[in-house]
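Please read the structure below before turning to the comments.
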Amino acid sequence: MRSNYLFTSESVSEGHPDKVADQISDAIVDLFLSKDPEARVACETMTTTNRVVLAGEIRCKPVYDEERWPEHGGWAPAARDEIEEVVRGVVKRIGYEQAGFHWSEFEFSNHLHGQSPHIAQGVDAGENKEEGAGDQGIMFGFACDETPDLMPATLDYSHKILLQMAADRHSGAAPFLEPDAKSQVTLRFEDGHPAKATAIVVSTQHKPGYDKGEKQAQLHAYVKDVVARVMPSQLLGNETVYHINPTGSFEIGGPDGDAGLTGRKIIVDTYGGAAPHGGGAFSGKDPTKVDRSAAYAARYLAKNIVAAGLAKRCTIQLAYAIGVSEPLSLYVDTHGTGALEDSKIEQAIGRIEKLGRLTPRGIRTHLELNRPIYEPTAAYGHFGRSTDGGFFPWERVDLVDDLKAAVAA
């Protein structure tokens with residue numbers, strides 16, 4: 001690894017059109033899991049000017065039954081209303097009450113339908129068969145010691161800037177802000193550690209008039225204050241260049257400014273480009289989909305390895321085949337920072353019995369993923385988050401002792 005370099009990561013706010021779509025998709029996942037912990041969900045959302053469209057496949061008997069409700073296209077009549085209520089509730093929570101996108105006024109279309117039985121037969125457990133993976137694919141997990149969250153610093157601070165701005169907008173402390181925003185942080189690394197922030201970019205949607213004069217100066221001062229609140233003071237200084245709303249005006253935003261789709265912010269959702277990505281998005285998918293659950297398991301393992309002092313940086317890859325329960329491969333790379341050989345860490349992981357051999361069912365059982373816990377993941381990253389309230393269980397560091405014991409065995 002290079003010791004001295006510049007690195008950049010970006011984040012987007014909960015009001016970004018793609019994140020609006022992600023949050024709606026995950027709210028639908030939560031709705032179905034709240035009715036049936038074994039529900040199967042693949043929900044895609046498209047947002048644009050005053051329109052939200054759902055599409056995808058589900059299996060959730062209390063809500064959808066083609067034989068029982070054929071006159072309603074498979075949906076229980078009350079469920080159709082409940083789905084729309086959930087979707088509008090997400091948009092209301094985010095704060096969209098604009099002419100081009102208003103939570104109570106947008107047109108809503110629901111094109112969800114039943115899951116293909118051909119997929120189900122490959123995934124479902126049978127009398128002589130353990131539940132298989134919902135699809136083939138490779139998933140990566142990563143952790144490093146750059147921040148207390150064991151996340152890449154550039155991404156961690158990018159998220160925290162927007163989280164603080166959203167909190168101020170919702171509390172009324174920053175009434176001039178609107179929901180859509182983006183951030184980007186560039187850090188100079190020395191000897192492999194964050195040394196200085198060289199560039200910070202923040203583009204935020206705002207109320208009319210905050211693109212010139214005193215109001216623009218107020219907005220710029222506010223953003224710099226937020227940065228100072230969430231980033232370590234030693235990283236900021238004369239070397240730091242700020243680019244705040246560099247195009248000038250940003251009044252039209254969210255789905256009214258750009259169409260949004262589920263799953264288009266996979267680098268923002270994960271490690272900000274500091275680690276590989278297998279290509280699969282998370283939001284809108286129930287945890288039988290290894291795109292989601294195995295990526296969470298890989299982060300869980302990588303974070304515990306770093307927390308245990310076995311490495312300063314760790315990348316983990318898992319691979320699966322549709323209908324096959326056991327992972328095809330497990331790969332550990334500590335990037336030359338490991339306290340022991342990477343192959344020894346791989347062997348230690350295999351000796352931790354409670355992980356359930358990293359099968360889809362084993363992962364879901366150990367991390368308790370068959371719960372409605374996903375809407376909060378759909379903005380500001382799936383990793384480096386607090387486990388308060390039972391959310392983000394893959395962020396626990398409860399394998400540290402197990403790993404140390406397995407390494408010593």
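Letters A, B, ... go to the chains of the structure tokens in the order shown; residues in each chain start at 1; ligands are counted from 1 in the same order.
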- Message: Using only C-alpha atoms, which protein or nucleic acid residues come within 10 Å of A:Asp22? Drop anything in the same chain fewer than 4 positions from it, and give the result as an MDAnalysis selection string.
- Response: chainID A and resid 14 16:18 26:28 43:46 260:265 281:284 375 377:379
- Within 12 Å of A:Val290, counting only C-alpha atoms, which residues show up once you throw out same-chain ones fewer than 4 positions away? Write them as a VMD selection string, please. chain A and resid 123 131 to 140 278 to 282 285 to 286 294 to 298 318 to 327 358 to 364 369
Give me a file of those residues, with C-alpha atoms, as an mmCIF file, in the first residue's frame.
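The resulting selection-v9.cif:
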data_model
loop_
_atom_site.group_PDB
_atom_site.id
_atom_site.type_symbol
_atom_site.label_atom_id
_atom_site.label_comp_id
_atom_site.auth_asym_id
_atom_site.auth_seq_id
_atom_site.Cartn_x
_atom_site.Cartn_y
_atom_site.Cartn_z
ATOM 1 C CA VAL A 123 -33.887 -21.332 -2.559
ATOM 2 C CA GLU A 131 -31.997 -23.492 2.192
ATOM 3 C CA GLY A 132 -29.897 -22.256 -0.715
ATOM 4 C CA ALA A 133 -28.635 -18.819 -1.626
ATOM 5 C CA GLY A 134 -31.138 -16.596 -3.429
ATOM 6 C CA ASP A 135 -28.691 -15.853 -6.231
ATOM 7 C CA GLN A 136 -25.098 -16.295 -7.288
ATOM 8 C CA GLY A 137 -22.625 -13.518 -6.607
ATOM 9 C CA ILE A 138 -19.604 -12.209 -4.754
ATOM 10 C CA MET A 139 -19.855 -10.007 -1.679
ATOM 11 C CA PHE A 140 -17.184 -7.960 0.076
ATOM 12 C CA GLY A 278 -19.402 -7.245 -5.812
ATOM 13 C CA GLY A 279 -21.974 -5.152 -7.680
ATOM 14 C CA GLY A 280 -25.162 -6.130 -5.862
ATOM 15 C CA ALA A 281 -27.305 -3.473 -4.207
ATOM 16 C CA PHE A 282 -28.900 -3.998 -0.782
ATOM 17 C CA LYS A 285 -34.158 -7.183 -0.810
ATOM 18 C CA ASP A 286 -35.140 -9.506 2.001
ATOM 19 C CA ALA A 294 -23.598 -12.075 2.983
ATOM 20 C CA ALA A 295 -22.316 -8.509 2.513
ATOM 21 C CA TYR A 296 -23.437 -7.814 6.073
ATOM 22 C CA ALA A 297 -21.705 -10.992 7.261
ATOM 23 C CA ALA A 298 -18.492 -10.025 5.469
ATOM 24 C CA LEU A 318 -17.624 -14.423 0.096
ATOM 25 C CA ALA A 319 -19.045 -16.159 -2.988
ATOM 26 C CA TYR A 320 -22.319 -18.059 -3.458
ATOM 27 C CA ALA A 321 -24.295 -19.953 -6.113
ATOM 28 C CA ILE A 322 -28.086 -19.847 -6.416
ATOM 29 C CA GLY A 323 -29.729 -22.751 -4.640
ATOM 30 C CA VAL A 324 -26.456 -23.795 -2.914
ATOM 31 C CA SER A 325 -26.237 -23.248 0.827
ATOM 32 C CA GLU A 326 -22.485 -23.352 1.507
ATOM 33 C CA PRO A 327 -20.316 -20.433 0.350
ATOM 34 C CA LEU A 358 -21.907 -18.833 6.715
ATOM 35 C CA THR A 359 -24.927 -20.380 4.989
ATOM 36 C CA PRO A 360 -27.802 -18.018 4.195
ATOM 37 C CA ARG A 361 -29.864 -19.438 7.051
ATOM 38 C CA GLY A 362 -26.859 -19.438 9.391
ATOM 39 C CA ILE A 363 -26.115 -15.778 8.693
ATOM 40 C CA ARG A 364 -29.732 -14.725 9.149
ATOM 41 C CA LEU A 369 -31.903 -10.523 10.070
#
- Apply DSSP to the structure's backbone, then extract all residues of stretch 51-289 of chain A labelled helix (DSSP H, G or I) and return them as an MDAnalysis selection string. chainID A and resid 70:72 77:94 117:123 153:171 213:230 233:235 254:256 266:269
- Counting only C-alpha atoms, the option among A:Lys354, A:Arg396, A:Lys312, A:Lys344 closest to A:Phe142: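 So, comparing all the options, the nearest one is A:Lys312.
As for atom CA of A:Ala406 and atom CA of A:Glu341, they are spaced 13.6 Å apart.
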Dump as a tab-separated table the rows for residues of stretch 95-193 of chain A within 10 Å of stretch 239-243 of chain A: closest atom pair and distance in Å with one decimal, only C-alpha atoms counted, ordered by chain and rising residue number.
residue	atom	partner	partner_atom	distance
A:Ser183	CA	A:His243	CA	9.7
A:Gln184	CA	A:His243	CA	9.5
A:Val185	CA	A:Tyr242	CA	9.7
A:Thr186	CA	A:Thr240	CA	9.2
A:Leu187	CA	A:Thr240	CA	9.3
Write out the residues from the selection above, keeping C-alpha atoms, as a PDB file, in the first residue's frame.
ATOM      1  CA  SER A 183     -21.091  15.797   0.268  1.00  0.00           C
ATOM      2  CA  GLN A 184     -17.538  14.809  -0.622  1.00  0.00           C
ATOM      3  CA  VAL A 185     -14.398  14.720   1.506  1.00  0.00           C
ATOM      4  CA  THR A 186     -10.806  14.532   0.271  1.00  0.00           C
ATOM      5  CA  LEU A 187      -8.133  13.656   2.828  1.00  0.00           C
TER       6      LEU A 187
END
- For A:Asn370: contacts at 10 Å, only C-alpha atoms, fewer than 6 positions along chain excluded, given as JSON, numbers by chain: {"A": [30, 33, 34, 36, 37, 38, 39, 286, 287, 288, 361, 364]}
Export of prior selection with N, CA and C atoms as a JSON list (two decimals), in the first residue's frame:
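This is the output file selection-v7.json:
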[["chain", "number", "residue", "atom", "x", "y", "z"],
["A", 30, "ASP", "N", -39.53, -3.96, 5.16],
["A", 30, "ASP", "CA", -39.90, -3.97, 6.58],
["A", 30, "ASP", "C", -41.39, -4.28, 6.76],
["A", 33, "LEU", "N", -41.81, -8.06, 6.21],
["A", 33, "LEU", "CA", -41.18, -8.83, 7.29],
["A", 33, "LEU", "C", -41.94, -8.68, 8.60],
["A", 34, "SER", "N", -42.60, -7.54, 8.80],
["A", 34, "SER", "CA", -43.39, -7.36, 10.03],
["A", 34, "SER", "C", -44.61, -8.27, 10.04],
["A", 36, "ASP", "N", -44.60, -11.30, 8.10],
["A", 36, "ASP", "CA", -44.12, -12.67, 7.90],
["A", 36, "ASP", "C", -42.60, -12.64, 7.90],
["A", 37, "PRO", "N", -41.94, -13.11, 8.98],
["A", 37, "PRO", "CA", -40.47, -13.07, 9.03],
["A", 37, "PRO", "C", -39.79, -13.85, 7.91],
["A", 38, "GLU", "N", -40.54, -14.74, 7.25],
["A", 38, "GLU", "CA", -39.97, -15.51, 6.14],
["A", 38, "GLU", "C", -40.40, -14.94, 4.78],
["A", 39, "ALA", "N", -40.92, -13.73, 4.76],
["A", 39, "ALA", "CA", -41.34, -13.13, 3.51],
["A", 39, "ALA", "C", -40.17, -13.01, 2.54],
["A", 286, "ASP", "N", -35.06, -8.82, 0.71],
["A", 286, "ASP", "CA", -35.14, -9.51, 2.00],
["A", 286, "ASP", "C", -33.82, -10.22, 2.27],
["A", 287, "PRO", "N", -33.55, -10.64, 3.51],
["A", 287, "PRO", "CA", -32.23, -11.17, 3.85],
["A", 287, "PRO", "C", -31.93, -12.57, 3.34],
["A", 288, "THR", "N", -32.85, -13.23, 2.62],
["A", 288, "THR", "CA", -32.43, -14.47, 1.95],
["A", 288, "THR", "C", -31.54, -14.16, 0.76],
["A", 361, "ARG", "N", -29.08, -19.29, 5.83],
["A", 361, "ARG", "CA", -29.86, -19.44, 7.05],
["A", 361, "ARG", "C", -29.00, -19.18, 8.27],
["A", 364, "ARG", "N", -28.51, -15.39, 8.71],
["A", 364, "ARG", "CA", -29.73, -14.73, 9.15],
["A", 364, "ARG", "C", -30.05, -15.05, 10.60]]
- Taking the chain letters and numbering used in this document, name the residues of stretch 69-304 of chain A that DSSP puts in strand (DSSP E or B), as a PyMOL selection string. chain A and resi 75+97-98+101-102+107-114+126+129+133+137-144+177-190+193-206+241-244+260-261+285
- Query: Neighbours of A:Val53 within 9 Å (only C-alpha atoms; same-chain residues fewer than 4 positions away dropped), as a list of chain:residue names?
  - Reply: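 Neighbouring residues, sequence-local ones excluded: A:Glu44, A:Thr45, A:Met46, A:Thr47, A:Thr48, A:Glu107, A:Phe108, A:Ser109, A:Asn110, A:His111.
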Would you save the residues of that selection, restricted to all heavy atoms, as a compact mmCIF listing (two decimals), in the first residue's frame?
# COMPACT_ATOMS: atom_id res chain seq x y z
N GLU A 44 -38.25 -2.86 -6.29
CA GLU A 44 -37.56 -1.74 -6.94
C GLU A 44 -38.50 -0.54 -6.96
O GLU A 44 -39.70 -0.68 -7.17
CB GLU A 44 -37.17 -2.11 -8.38
CG GLU A 44 -36.43 -3.43 -8.51
CD GLU A 44 -35.07 -3.43 -7.84
OE1 GLU A 44 -34.53 -2.34 -7.58
OE2 GLU A 44 -34.55 -4.52 -7.57
N THR A 45 -37.92 0.64 -6.77
CA THR A 45 -38.69 1.87 -6.76
C THR A 45 -38.11 2.85 -7.77
O THR A 45 -36.89 2.97 -7.89
CB THR A 45 -38.66 2.52 -5.36
OG1 THR A 45 -39.19 1.60 -4.40
CG2 THR A 45 -39.49 3.80 -5.33
N MET A 46 -38.99 3.54 -8.47
CA MET A 46 -38.58 4.64 -9.35
C MET A 46 -39.31 5.89 -8.90
O MET A 46 -40.52 5.87 -8.65
CB MET A 46 -38.93 4.32 -10.81
CG MET A 46 -38.36 5.34 -11.81
SD MET A 46 -39.40 6.79 -12.08
CE MET A 46 -40.71 6.09 -13.07
N THR A 47 -38.57 6.98 -8.76
CA THR A 47 -39.17 8.25 -8.38
C THR A 47 -38.85 9.30 -9.46
O THR A 47 -37.76 9.32 -10.02
CB THR A 47 -38.62 8.76 -7.04
OG1 THR A 47 -37.22 9.05 -7.17
CG2 THR A 47 -38.80 7.73 -5.95
N THR A 48 -39.81 10.16 -9.73
CA THR A 48 -39.60 11.28 -10.64
C THR A 48 -40.59 12.37 -10.24
O THR A 48 -41.24 12.27 -9.18
CB THR A 48 -39.75 10.86 -12.11
OG1 THR A 48 -39.37 11.95 -12.96
CG2 THR A 48 -41.17 10.41 -12.43
N GLU A 107 -48.42 10.82 -7.85
CA GLU A 107 -49.13 9.66 -8.38
C GLU A 107 -48.37 8.40 -7.99
O GLU A 107 -47.15 8.34 -8.10
CB GLU A 107 -49.25 9.76 -9.90
CG GLU A 107 -50.11 10.91 -10.38
CD GLU A 107 -50.27 10.91 -11.89
OE1 GLU A 107 -50.26 9.80 -12.48
OE2 GLU A 107 -50.38 12.00 -12.47
N PHE A 108 -49.10 7.38 -7.57
CA PHE A 108 -48.48 6.15 -7.08
C PHE A 108 -48.96 4.96 -7.89
O PHE A 108 -50.15 4.80 -8.15
CB PHE A 108 -48.84 5.93 -5.60
CG PHE A 108 -48.35 4.62 -5.05
CD1 PHE A 108 -47.00 4.37 -4.91
CD2 PHE A 108 -49.25 3.64 -4.68
CE1 PHE A 108 -46.54 3.16 -4.41
CE2 PHE A 108 -48.81 2.42 -4.18
CZ PHE A 108 -47.45 2.19 -4.05
N SER A 109 -48.00 4.11 -8.31
CA SER A 109 -48.32 2.88 -9.05
C SER A 109 -47.62 1.71 -8.39
O SER A 109 -46.42 1.76 -8.12
CB SER A 109 -47.85 3.00 -10.51
OG SER A 109 -48.44 4.10 -11.15
N ASN A 110 -48.37 0.64 -8.16
CA ASN A 110 -47.85 -0.57 -7.51
C ASN A 110 -47.86 -1.72 -8.52
O ASN A 110 -48.93 -2.20 -8.89
CB ASN A 110 -48.69 -0.90 -6.28
CG ASN A 110 -48.24 -2.18 -5.60
OD1 ASN A 110 -47.24 -2.79 -5.97
ND2 ASN A 110 -49.00 -2.59 -4.59
N HIS A 111 -46.69 -2.16 -8.95
CA HIS A 111 -46.58 -3.26 -9.89
C HIS A 111 -45.86 -4.47 -9.28
O HIS A 111 -45.30 -5.29 -10.01
CB HIS A 111 -45.84 -2.80 -11.16
CG HIS A 111 -46.53 -1.67 -11.86
ND1 HIS A 111 -47.63 -1.86 -12.67
CD2 HIS A 111 -46.29 -0.34 -11.85
CE1 HIS A 111 -48.03 -0.69 -13.15
NE2 HIS A 111 -47.24 0.25 -12.66
